[in-house]
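Structure file data21.pdb; described as PDB, C-alpha atoms.
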```pdb
MODEL        1
ATOM      1  CA  MET A 131      -8.904  -0.872 -25.477
ATOM      2  CA  GLU A 132      -6.082   1.577 -26.062
ATOM      3  CA  HIS A 133      -5.533   1.926 -22.300
ATOM      4  CA  LEU A 134      -4.830  -1.828 -22.056
ATOM      5  CA  ASN A 135      -2.163  -1.599 -24.730
ATOM      6  CA  THR A 136      -0.689   1.375 -22.927
ATOM      7  CA  LEU A 137      -0.510  -0.564 -19.671
ATOM      8  CA  GLU A 138       0.958  -3.650 -21.319
ATOM      9  CA  ASP A 139       3.508  -1.506 -23.134
ATOM     10  CA  TYR A 140       4.282   0.324 -19.933
ATOM     11  CA  LEU A 141       4.708  -2.810 -17.853
ATOM     12  CA  SER A 142       6.984  -4.354 -20.464
ATOM     13  CA  GLN A 143       9.460  -1.487 -20.043
ATOM     14  CA  ASP A 144      12.536  -1.704 -17.892
ATOM     15  CA  ILE A 145      11.583  -1.270 -14.235
ATOM     16  CA  ALA A 146      13.845   1.780 -13.953
ATOM     17  CA  ASP A 147      11.584   3.580 -16.440
ATOM     18  CA  MET A 148       8.343   2.940 -14.537
ATOM     19  CA  HIS A 149       6.704   5.371 -12.165
ATOM     20  CA  PRO A 150       3.911   4.311  -9.790
ATOM     21  CA  SER A 151       1.769   7.378 -10.484
ATOM     22  CA  GLU A 152       1.750   6.603 -14.199
ATOM     23  CA  ILE A 153       0.755   2.992 -13.551
ATOM     24  CA  ALA A 154      -2.002   4.177 -11.199
ATOM     25  CA  LYS A 155      -3.296   6.603 -13.819
ATOM     26  CA  VAL A 156      -3.684   3.802 -16.341
ATOM     27  CA  LEU A 157      -5.239   1.441 -13.767
ATOM     28  CA  ARG A 158      -7.911   4.015 -12.880
ATOM     29  CA  GLU A 159      -9.155   3.866 -16.476
ATOM     30  CA  LEU A 160      -9.766   0.104 -16.393
ATOM     31  CA  SER A 161     -13.004  -1.714 -15.686
ATOM     32  CA  ASP A 162     -13.141  -3.742 -12.460
ATOM     33  CA  GLU A 163     -12.445  -6.958 -14.361
ATOM     34  CA  GLU A 164      -9.495  -5.448 -16.229
ATOM     35  CA  PHE A 165      -8.181  -3.929 -13.020
ATOM     36  CA  ALA A 166      -8.190  -7.289 -11.219
ATOM     37  CA  GLN A 167      -6.349  -8.831 -14.163
ATOM     38  CA  TYR A 168      -3.695  -6.159 -14.504
ATOM     39  CA  ILE A 169      -2.717  -5.650 -10.866
ATOM     40  CA  HIS A 170      -0.947  -9.003 -11.117
ATOM     41  CA  LYS A 171       1.277  -7.580 -13.843
ATOM     42  CA  ILE A 172       2.607  -4.790 -11.638
ATOM     43  CA  PRO A 173       6.119  -5.619 -10.423
ATOM     44  CA  THR A 174       5.979  -6.594  -6.750
ATOM     45  CA  GLU A 175       8.550  -3.987  -5.780
ATOM     46  CA  LEU A 176       6.250  -1.239  -7.123
ATOM     47  CA  LEU A 177       2.892  -2.515  -5.936
ATOM     48  CA  ALA A 178       2.751  -0.710  -2.569
ATOM     49  CA  TYR A 179       3.882   2.536  -4.213
ATOM     50  CA  VAL A 180       1.089   2.170  -6.782
ATOM     51  CA  VAL A 181      -1.433   1.584  -3.982
ATOM     52  CA  PHE A 182      -0.526   4.961  -2.471
ATOM     53  CA  GLU A 183      -1.177   6.601  -5.837
ATOM     54  CA  LEU A 184      -4.664   5.122  -6.208
ATOM     55  CA  PRO A 185      -7.890   6.339  -4.581
ATOM     56  CA  ASP A 186      -8.832   4.444  -1.396
ATOM     57  CA  ARG A 187     -11.599   2.514  -3.133
ATOM     58  CA  TYR A 188      -8.976   0.379  -4.928
ATOM     59  CA  PHE A 189      -7.215  -0.722  -1.746
ATOM     60  CA  GLY A 190      -9.523  -3.647  -0.972
ATOM     61  CA  GLU A 191      -9.442  -4.864  -4.544
ATOM     62  CA  ILE A 192      -5.659  -5.027  -4.432
ATOM     63  CA  ILE A 193      -5.517  -6.644  -0.987
ATOM     64  CA  ASP A 194      -8.073  -9.263  -2.009
ATOM     65  CA  ASN A 195      -6.238 -10.126  -5.229
ATOM     66  CA  VAL A 196      -2.587 -10.089  -4.180
ATOM     67  CA  ALA A 197      -0.888 -12.880  -2.262
ATOM     68  CA  THR A 198       0.390 -12.166   1.239
ATOM     69  CA  GLU A 199       3.953 -12.920   0.135
ATOM     70  CA  ASP A 200       3.726 -10.363  -2.672
ATOM     71  CA  LEU A 201       2.281  -7.745  -0.315
ATOM     72  CA  THR A 202       5.091  -8.399   2.138
ATOM     73  CA  CYS A 203       7.771  -8.039  -0.534
ATOM     74  CA  SER A 204       6.158  -4.861  -1.786
ATOM     75  CA  ILE A 205       5.853  -3.309   1.664
ATOM     76  CA  GLN A 206       9.521  -4.033   2.324
ATOM     77  CA  GLU A 207      10.370  -1.596  -0.484
ATOM     78  CA  LEU A 208       8.698   1.319   1.336
ATOM     79  CA  GLU A 209      10.266   3.803   3.726
ATOM     80  CA  SER A 210       9.500   3.204   7.416
ATOM     81  CA  ASP A 211       6.727   5.795   7.714
ATOM     82  CA  ASP A 212       5.049   4.549   4.542
ATOM     83  CA  LYS A 213       5.311   0.947   5.790
ATOM     84  CA  THR A 214       3.540   2.029   8.948
ATOM     85  CA  ASP A 215       0.804   3.840   7.022
ATOM     86  CA  PHE A 216       0.314   0.865   4.711
ATOM     87  CA  MET A 217       0.075  -1.508   7.672
ATOM     88  CA  LYS A 218      -2.507   0.759   9.343
ATOM     89  CA  TYR A 219      -4.668   0.716   6.204
ATOM     90  CA  LEU A 220      -4.221  -3.035   5.929
ATOM     91  CA  GLU A 221      -5.216  -3.573   9.581
ATOM     92  CA  GLU A 222      -8.375  -1.539   9.052
ATOM     93  CA  TYR A 223      -9.277  -3.550   5.973
ATOM     94  CA  ASP A 224      -8.179  -7.089   6.882
ATOM     95  CA  GLU A 225      -6.716  -7.770  10.345
ATOM     96  CA  GLN A 226      -5.824 -11.373   9.501
ATOM     97  CA  LYS A 227      -3.871 -10.469   6.375
ATOM     98  CA  ALA A 228      -2.214  -7.579   8.216
ATOM     99  CA  GLN A 229      -1.045  -9.991  10.905
ATOM    100  CA  GLU A 230       0.311 -12.404   8.294
ATOM    101  CA  VAL A 231       2.191  -9.623   6.491
ATOM    102  CA  PHE A 232       3.533  -8.199   9.742
ATOM    103  CA  GLU A 233       4.818 -11.592  10.872
ATOM    104  CA  ALA A 234       6.532 -12.099   7.501
ATOM    105  CA  LEU A 235       8.499  -8.859   7.883
ATOM    106  CA  ASP A 236      11.915  -9.056   9.475
ATOM    107  CA  GLN A 237      12.306  -8.089  13.120
ATOM    108  CA  ASN A 238      13.853  -4.671  12.396
ATOM    109  CA  GLU A 239      10.930  -3.735  10.147
ATOM    110  CA  GLN A 240       8.434  -4.909  12.757
ATOM    111  CA  GLU A 241      10.161  -2.828  15.436
ATOM    112  CA  GLU A 242      10.200   0.266  13.193
ATOM    113  CA  ILE A 243       6.492  -0.089  12.481
ATOM    114  CA  LEU A 244       5.624  -0.553  16.162
ATOM    115  CA  GLU A 245       7.766   2.421  17.154
ATOM    116  CA  LEU A 246       6.200   4.690  14.536
ATOM    117  CA  LYS A 247       2.714   3.564  15.544
ATOM    118  CA  LYS A 248       3.480   4.578  19.147
ATOM    119  CA  TYR A 249       4.753   7.931  17.934
ATOM    120  CA  ASP A 250       1.576   8.500  15.893
ATOM    121  CA  GLU A 251      -0.616   7.587  18.872
ATOM    122  CA  ASN A 252       1.305   9.981  21.130
ATOM    123  CA  LEU A 253       1.014  12.750  18.568
ATOM    124  CA  ILE A 254      -2.749  12.232  18.383
ATOM    125  CA  LEU A 255      -3.021  12.444  22.186
ATOM    126  CA  ILE A 256      -0.924  15.615  22.291
ATOM    127  CA  ASN A 257      -3.081  17.257  19.618
ATOM    128  CA  LEU A 258      -6.274  16.114  21.320
ATOM    129  CA  LYS A 259      -5.131  17.573  24.631
ATOM    130  CA  LYS A 260      -4.095  20.809  22.943
ATOM    131  CA  ASN A 261      -7.307  21.236  20.960
ATOM    132  CA  HIS A 262      -9.756  19.785  23.505
ATOM    133  CA  PRO A 263      -8.292  20.121  27.014
ATOM    134  CA  CYS A 264     -11.556  19.190  28.704
ATOM    135  CA  VAL A 265     -11.796  15.849  26.906
ATOM    136  CA  LEU A 266      -8.879  14.235  28.695
TER     137      LEU A 266
ENDMDL
END
```

As a first step, turn the structure in this file into structure tokens.
Amino acid sequence: MEHLNTLEDYLSQDIADMHPSEIAKVLRELSDEEFAQYIHKIPTELLAYVVFELPDRYFGEIIDNVATEDLTCSIQELESDDKTDFMKYLEEYDEQKAQEVFEALDQNEQEEILELKKYDENLILINLKKNHPCVL
């Protein structure tokens, strides 16, 4: 169980010394049971960053085991484009929880996310038209 001691030691460090990719590396070595236990020890302000460092298969496990309030706080730490990406993944996985998180964000964050989503949709349409002009 050396990896558990490493994670506990790591999470007991000052937050300024932590890096999400290092936390994710340790988490990937854990069993499912250990993983579910240790995601609660990740500081809320780092959780969303850690999610981006983990393979997609861990996303649902984290969403299912982390409170909406903690997800919201964690997402608020992200840059606008990363917030938007996180919210897209969350919507695909759990629309209800995505709605709850979105509503808990402040109005400026909601507007940024909606604006970036529109931009992404427009970019997709432009690329689709460019690459497949007969489709549209």

Can you list, as a PDB file with C-alpha atoms, in the coordinates of the input, every protein, DNA or RNA residue that comes within 8 Å of Met217 (chain A) when you count only C-alpha atoms, leaving out same-chain residues fewer than 3 positions away?
```
ATOM      1  CA  LYS A 213       5.311   0.947   5.790  1.00  0.00           C
ATOM      2  CA  THR A 214       3.540   2.029   8.948  1.00  0.00           C
ATOM      3  CA  LEU A 220      -4.221  -3.035   5.929  1.00  0.00           C
ATOM      4  CA  GLU A 221      -5.216  -3.573   9.581  1.00  0.00           C
ATOM      5  CA  ALA A 228      -2.214  -7.579   8.216  1.00  0.00           C
ATOM      6  CA  PHE A 232       3.533  -8.199   9.742  1.00  0.00           C
TER       7      PHE A 232
END
```

Practice task
Pull out every residue that the PyMOL selection byres ((chain A and resi 230) around 12) matches in the shown coordinates and put them as a PyMOL selection string.
Solution key: chain A and resi 197-202+217+220-221+224-229+231-235+240

Practice task
For Val196 (chain A), please output as a list in words all residues within 12 Å (counting only C-alpha atoms; exclusion window: fewer than 3 positions along the same chain).
Solution key: Ala166, Gln167, Tyr168, Ile169, His170, Lys171, Ile172, Pro173, Thr174, Leu177, Ala178, Val181, Phe189, Gly190, Glu191, Ile192, Ile193, Glu199, Asp200, Leu201, Thr202, Cys203, Ser204, Lys227 and Val231 of chain A

Problem - Distance of CA of His149 (chain A) from CA of Pro185 (chain A), expressed in Å to one decimal place - result: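 According to the coordinates, CA of Pro185 (chain A) and CA of His149 (chain A) are separated by 16.5 Å.
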
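We find CA of Asp211 (chain A) and CA of Gln237 (chain A) to be spaced 15.9 Å apart.
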
Exercise for the section: Grab the CA of Ser161 (chain A) to CA of Glu175 (chain A) distance for me, in Å with one decimal place. Expected result: 23.8 Å

How big is the axis-aligned box around all listed atoms of region 215-228 of chain A once 5 Å goes on each side, and where's its centre, in Å to one decimal, as AutoDock Vina command-line options?
```
--center_x -4.2 --center_y -3.8 --center_z 7.5 --size_x 20.1 --size_y 25.2 --size_z 15.6
```

Problem - Output check: residues returned by the PyMOL selection byres ((chain A and resi 154) around 6), as a ChimeraX atom specification - result: /A:151-153,155-157,180,183-184

Practice task
Could you check which of A:Asn195, A:Lys218, A:Gln206, A:Glu245 is closest to Glu163 (chain A), using only C-alpha atoms?
Solution key: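 Nearest candidate to Glu163 (chain A) out of A:Asn195, A:Lys218, A:Gln206, A:Glu245: A:Asn195.
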
Problem - Best match for closeness to Leu246 (chain A) among A:Glu164, A:Glu209, A:Arg158, A:Tyr179, counting all atoms listed in the file - result: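 That would be A:Glu209, the residue with the smallest distance to Leu246 (chain A).
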
Completion exercise
Between A:Asp194, A:Glu239, A:Glu222, A:Glu159, smallest distance to Glu207 (chain A) by all atoms listed in the file belongs to A:Glu239
